[in-house]
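Report on the structure given below.
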Amino acid sequence: MKDFRISKAFISFFVSLHPKKTNKIMKKLIRTTILLAFTLLTITTACGSNEIAPEKKPTPKPNTTPIEEGVKYVGGDISLLPKYEQAHAIYKDKGTPTSPLALFKKAGWNTMRLRLFVNPADYQGADRDANACQDFAYILPLAKQIKAAGFKILLDFHYSDTWADPGKQWTPKAWASLNDAQLAAKVKTYTAEVLKKMKENGVSPELIQTGNEISYGMLWGVNKASAKVCYPTSPQENWTRFTQLLRAATTACREVCPKAKIILHTERVSTSQQHDNANYQALMNFYQQMQLAKIDYDIIGLSYYPYFHGSMNELDAAISRLEQAFANKNIMLVETGYPYKWAVGGSTFDYSNQYPYSLQGQQRFTSDLVTMLKSHKHVTGLFWWWPEFNAFNTQMSNWYNAPLFDSERGEATPALYELKKFVE
């Protein structure tokens, strides 16, 4: 806007010509000038330039608000329940046969976790596992059962045809030929399609994990030689690629299920058993990378298996570090478990002196875990992994020993009932 002030030179000239009329005329002139300036300013502000600014759609802001206080989730990953039911496993509640979902509800659980693989039939690796069978056609009927029984759903995207964890994050066979940009587009499309189908079927998830135990990234490629892993010491370009893929996934979640909370799931919670995690370096580096890349998520998800991760004190300290560094994020323990009879195969830490491998030992572990988690105000979720494992009355193997049913009797273990105290 131009300057409409009256110059001192003009005023001096006018006064010299009309000294007697100066005061009266000057007052009138100043009022007129001010009115003219205000009118021009109003017109200029209203009209602006000749160019019309294009209409822009508002960009959704990342949801960085922690879950409301008092809202807590407790349950388990029951992704293999249909297999046990098909095999006629008998589940008992204090001696009485019952539906496992009815029992979980009675025991105070409120949320169930479901894992999802892209196309498990495509995986032909030497470590192929029949338990990694959950494609969309498999999980949809189970999701309907879960919702009908009154539970919420935590959906766990593996973005792989088989188990995804820190040791392997293999790209699905159908996506193997895609370049990085195409892969990101595919992740977004696939995530959106799954969520839309769930929404159409009335089973929208309340919680969504975009990747499973992604401490070292996801969608590495198809073999170790070319794997694009994200260790703390990996090139930044690997992390940039990873966060682009993750951003594609979280964007789809926000677009299709805007009310759902997004979880980023890692498992670097031990300093004694995980040797790249001194002073929780690997754990903190992961979420710092997410912060640097401005990844939109709500919840820090963790795994904790004492027989791999060490004492509960280490988890306690890890949570404290996370609460301090990422105060706008809530925290969930999305996987845990402890044996009720003998050690889990491959165990690297023996906790049996404090928590014997017995029904009572498992219950005491669960009780102490609940107490510790409740001491952290940011912790809002607790999920037991594979609680439904139950070989009773079946021909199935009973090798796994950290579920919440006794495979010799079909009886719920005392720890199952202990979990509800987390939400009380």
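By order in the structure tokens, chains are A, B, ...; within a chain, residues start at 1; ligands start at 1, following the order shown.
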
Based on the backbone DSSP call, show me all residues of stretch 214-317 of chain A assigned strand (DSSP E or B), as a short mmCIF file (atom, residue, chain, number, x, y, z; two decimals) with N, CA and C atoms, in the first residue's frame.
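Dumped to states.cif:
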data_model
loop_
_atom_site.label_atom_id
_atom_site.label_comp_id
_atom_site.auth_asym_id
_atom_site.auth_seq_id
_atom_site.Cartn_x
_atom_site.Cartn_y
_atom_site.Cartn_z
N LYS A 261 -5.77 -45.64 16.31
CA LYS A 261 -4.45 -45.24 16.79
C LYS A 261 -3.39 -46.09 16.11
N ILE A 262 -2.30 -45.45 15.70
CA ILE A 262 -1.22 -46.12 14.97
C ILE A 262 -0.09 -46.46 15.93
N ILE A 263 0.38 -47.71 15.84
CA ILE A 263 1.44 -48.21 16.71
C ILE A 263 2.69 -48.51 15.88
N LEU A 264 3.85 -48.07 16.35
CA LEU A 264 5.13 -48.46 15.77
C LEU A 264 5.79 -49.44 16.74
N HIS A 265 6.01 -50.67 16.28
CA HIS A 265 6.36 -51.79 17.15
C HIS A 265 7.83 -52.16 17.03
N THR A 266 8.54 -52.13 18.16
CA THR A 266 9.94 -52.53 18.22
C THR A 266 10.13 -53.49 19.40
N ILE A 299 1.44 -44.39 19.18
CA ILE A 299 1.80 -45.29 20.28
C ILE A 299 3.12 -46.00 19.98
N ILE A 300 3.96 -46.07 20.98
CA ILE A 300 5.18 -46.89 20.93
C ILE A 300 4.80 -48.29 21.40
N GLY A 301 4.97 -49.26 20.50
CA GLY A 301 4.67 -50.64 20.85
C GLY A 301 5.94 -51.42 21.11
N LEU A 302 5.92 -52.28 22.14
CA LEU A 302 7.11 -53.04 22.52
C LEU A 302 6.80 -54.52 22.68
N SER A 303 7.82 -55.34 22.43
CA SER A 303 7.77 -56.76 22.79
C SER A 303 8.66 -56.97 23.99
N TYR A 304 8.23 -57.86 24.89
CA TYR A 304 9.09 -58.24 26.02
C TYR A 304 8.84 -59.70 26.37
#

Determine which residues of stretch 227-311 of chain A DSSP labels as alpha helix (DSSP H) from the backbone of this structure, then write them out as a ChimeraX atom specification. /A:236-256,281-292,306-309

Pick the closest to A:Val256 from A:Asp406, A:Asp350, A:Glu206, A:Glu314: which is it, counting only C-alpha atoms?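 Once distances to A:Val256 are computed over only C-alpha atoms, the minimum belongs to A:Glu206.
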
Leaving out A:Thr271 and any residue of its chain fewer than 5 positions from it, which residues lie within 10 Å of it when counting only C-alpha atoms, given as a tab-separated table (two decimals) with N, CA and C atoms, in the first residue's frame?
chain	number	residue	atom	x	y	z
A	276	ASP	N	23.62	-54.53	20.73
A	276	ASP	CA	23.69	-53.23	20.04
A	276	ASP	C	22.88	-52.18	20.78
A	277	ASN	N	22.42	-52.53	21.98
A	277	ASN	CA	21.46	-51.69	22.68
A	277	ASN	C	22.00	-51.17	24.01
A	278	ALA	N	23.30	-50.99	24.09
A	278	ALA	CA	23.89	-50.43	25.31
A	278	ALA	C	23.26	-49.07	25.59
A	279	ASN	N	22.85	-48.87	26.83
A	279	ASN	CA	22.17	-47.64	27.23
A	279	ASN	C	20.94	-47.38	26.37
A	280	TYR	N	20.34	-48.46	25.86
A	280	TYR	CA	19.14	-48.40	25.02
A	280	TYR	C	19.37	-47.61	23.73
A	281	GLN	N	20.58	-47.68	23.21
A	281	GLN	CA	20.94	-46.91	22.02
A	281	GLN	C	20.08	-47.27	20.81
A	282	ALA	N	19.91	-48.56	20.56
A	282	ALA	CA	19.13	-48.97	19.39
A	282	ALA	C	17.66	-48.58	19.53
A	283	LEU	N	17.11	-48.76	20.72
A	283	LEU	CA	15.71	-48.39	20.97
A	283	LEU	C	15.50	-46.89	20.75
A	309	HIS	N	14.80	-61.34	26.66
A	309	HIS	CA	15.10	-59.93	26.91
A	309	HIS	C	15.62	-59.62	28.31
A	310	GLY	N	15.71	-60.62	29.17
A	310	GLY	CA	16.26	-60.35	30.49
A	310	GLY	C	15.22	-59.94	31.51
A	314	GLU	N	14.86	-54.29	33.23
A	314	GLU	CA	15.35	-53.71	31.97
A	314	GLU	C	14.20	-53.11	31.17
A	315	LEU	N	13.07	-53.79	31.15
A	315	LEU	CA	11.89	-53.24	30.49
A	315	LEU	C	11.43	-51.97	31.19
A	317	ALA	N	13.18	-49.84	32.86
A	317	ALA	CA	14.09	-48.73	32.53
A	317	ALA	C	13.89	-48.25	31.10
A	318	ALA	N	13.62	-49.18	30.19
A	318	ALA	CA	13.39	-48.80	28.79
A	318	ALA	C	12.15	-47.91	28.69

Contacts of A:Ala132 at 7 Å or less, counting only C-alpha atoms, minus same-chain residues fewer than 5 places along, as a ChimeraX atom specification? /A:120,162-163

Kindly save the residues from that selection, with C-alpha atoms included, as a CSV table (one decimal), in the first residue's frame.
chain,number,residue,atom,x,y,z
A,120,PRO,CA,1.6,-66.7,3.1
A,162,THR,CA,6.0,-64.9,6.6
A,163,TRP,CA,7.1,-63.9,10.1

Near A:Asn390, within 9 Å and counting only C-alpha atoms, which residues show up once chain neighbours fewer than 6 positions away are dropped, as a PyMOL selection string? chain A and resi 84+89-91+396-398+403-411

With C-alpha atoms retained, write the just-selected residues as a short mmCIF file (atom, residue, chain, number, x, y, z; two decimals), in the first residue's frame.
data_model
loop_
_atom_site.label_atom_id
_atom_site.label_comp_id
_atom_site.auth_asym_id
_atom_site.auth_seq_id
_atom_site.Cartn_x
_atom_site.Cartn_y
_atom_site.Cartn_z
CA TYR A 84 -7.48 -74.94 17.48
CA ALA A 89 -9.41 -78.25 21.28
CA ILE A 90 -11.31 -78.07 24.55
CA TYR A 91 -10.94 -74.86 26.55
CA MET A 396 -1.54 -80.93 17.53
CA SER A 397 1.92 -80.41 19.00
CA ASN A 398 2.18 -79.06 22.54
CA PRO A 403 0.35 -69.75 26.52
CA LEU A 404 -2.49 -69.28 29.00
CA PHE A 405 -3.96 -72.78 28.73
CA ASP A 406 -2.54 -76.04 30.03
CA SER A 407 -2.29 -78.35 27.00
CA GLU A 408 -2.57 -81.44 29.22
CA ARG A 409 -5.92 -80.45 30.72
CA GLY A 410 -7.26 -77.62 28.57
CA GLU A 411 -7.57 -75.53 31.72
#

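Counting only C-alpha atoms, the residue from A:Val334, A:Tyr123, A:Pro100, A:Gln363 that sits nearest to A:Leu155 is A:Val334.
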
Neighbour list for stretch 187-203 of chain A as a VMD selection string, cut-off 9 Å, only C-alpha atoms, skip fewer than 4 positions in-chain: chain A and resid 118 136 140 143 to 144 146 to 147 152 to 153 157 159 182 to 183 210 245 to 253 255 to 257

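Residue nearest A:Leu80, chosen from A:Asp368, A:Glu418, A:Asp135, A:Glu267 and counting only C-alpha atoms: A:Asp135.
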
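Using only C-alpha atoms, the smallest distance between any of A:Asp298, A:Asp129, A:Glu213, A:Glu424 and A:Glu335 comes from A:Glu213.
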
Pick the closest to A:Gly108 from A:Val74, A:Leu333, A:Ala412, A:Leu178: which is it, counting only C-alpha atoms?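 When distances to A:Gly108 are compared using only C-alpha atoms, the smallest one comes from A:Val74.
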
Residue contacts of stretch 370-383 of chain A (8 Å, only C-alpha atoms) excluding same-chain residues fewer than 3 positions away, as an NGL selection string: :A and (67 or 71-77 or 113 or 316 or 319-320 or 323 or 329-336 or 366-367 or 419 or 421-422)

Please determine, counting only C-alpha atoms, which residue among A:Ser270, A:Pro205, A:Gln289, A:Tyr351 has the shortest atom-to-atom distance to A:Pro232.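 Once distances to A:Pro232 are computed over only C-alpha atoms, the minimum belongs to A:Gln289.
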
Length of the atom CA of A:Lys83 to atom CA of A:Thr394 vector [Å]: 10.5 Å

Could you build a table of the residues in stretch 191-233 of chain A lying no more than 8 Å from stretch 239-242 of chain A, giving for each the nearest pair of atoms and their separation in Å rounded to one decimal place, using only C-alpha atoms, ordered by chain and ascending residue number, as a tab-separated table?
residue	atom	partner	partner_atom	distance
A:Gly217	CA	A:Phe242	CA	5.9
A:Met218	CA	A:Phe242	CA	6.7
A:Leu219	CA	A:Phe242	CA	8.0
A:Cys230	CA	A:Trp239	CA	5.8

Next, write the just-selected residues to a file, as a PDB file, in the first residue's frame, keeping N, CA and C atoms as the atom set.
ATOM      1  N   GLY A 217      13.852 -51.889  10.545  1.00  0.00           N
ATOM      2  CA  GLY A 217      13.213 -51.586   9.278  1.00  0.00           C
ATOM      3  C   GLY A 217      12.271 -52.686   8.830  1.00  0.00           C
ATOM      4  N   MET A 218      11.780 -52.564   7.602  1.00  0.00           N
ATOM      5  CA  MET A 218      10.871 -53.569   7.038  1.00  0.00           C
ATOM      6  C   MET A 218      11.017 -53.583   5.521  1.00  0.00           C
ATOM      7  N   LEU A 219      10.475 -54.630   4.891  1.00  0.00           N
ATOM      8  CA  LEU A 219      10.529 -54.769   3.439  1.00  0.00           C
ATOM      9  C   LEU A 219      11.969 -54.631   2.941  1.00  0.00           C
ATOM     10  N   CYS A 230      18.022 -51.534   8.588  1.00  0.00           N
ATOM     11  CA  CYS A 230      18.193 -50.270   9.294  1.00  0.00           C
ATOM     12  C   CYS A 230      18.723 -50.499  10.704  1.00  0.00           C
TER      13      CYS A 230
END

For atom CA of A:Thr243 and atom CA of A:Lys259, the interatomic separation in Å (one decimal):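 Going from atom CA of A:Thr243 over to atom CA of A:Lys259 covers 22.0 Å.
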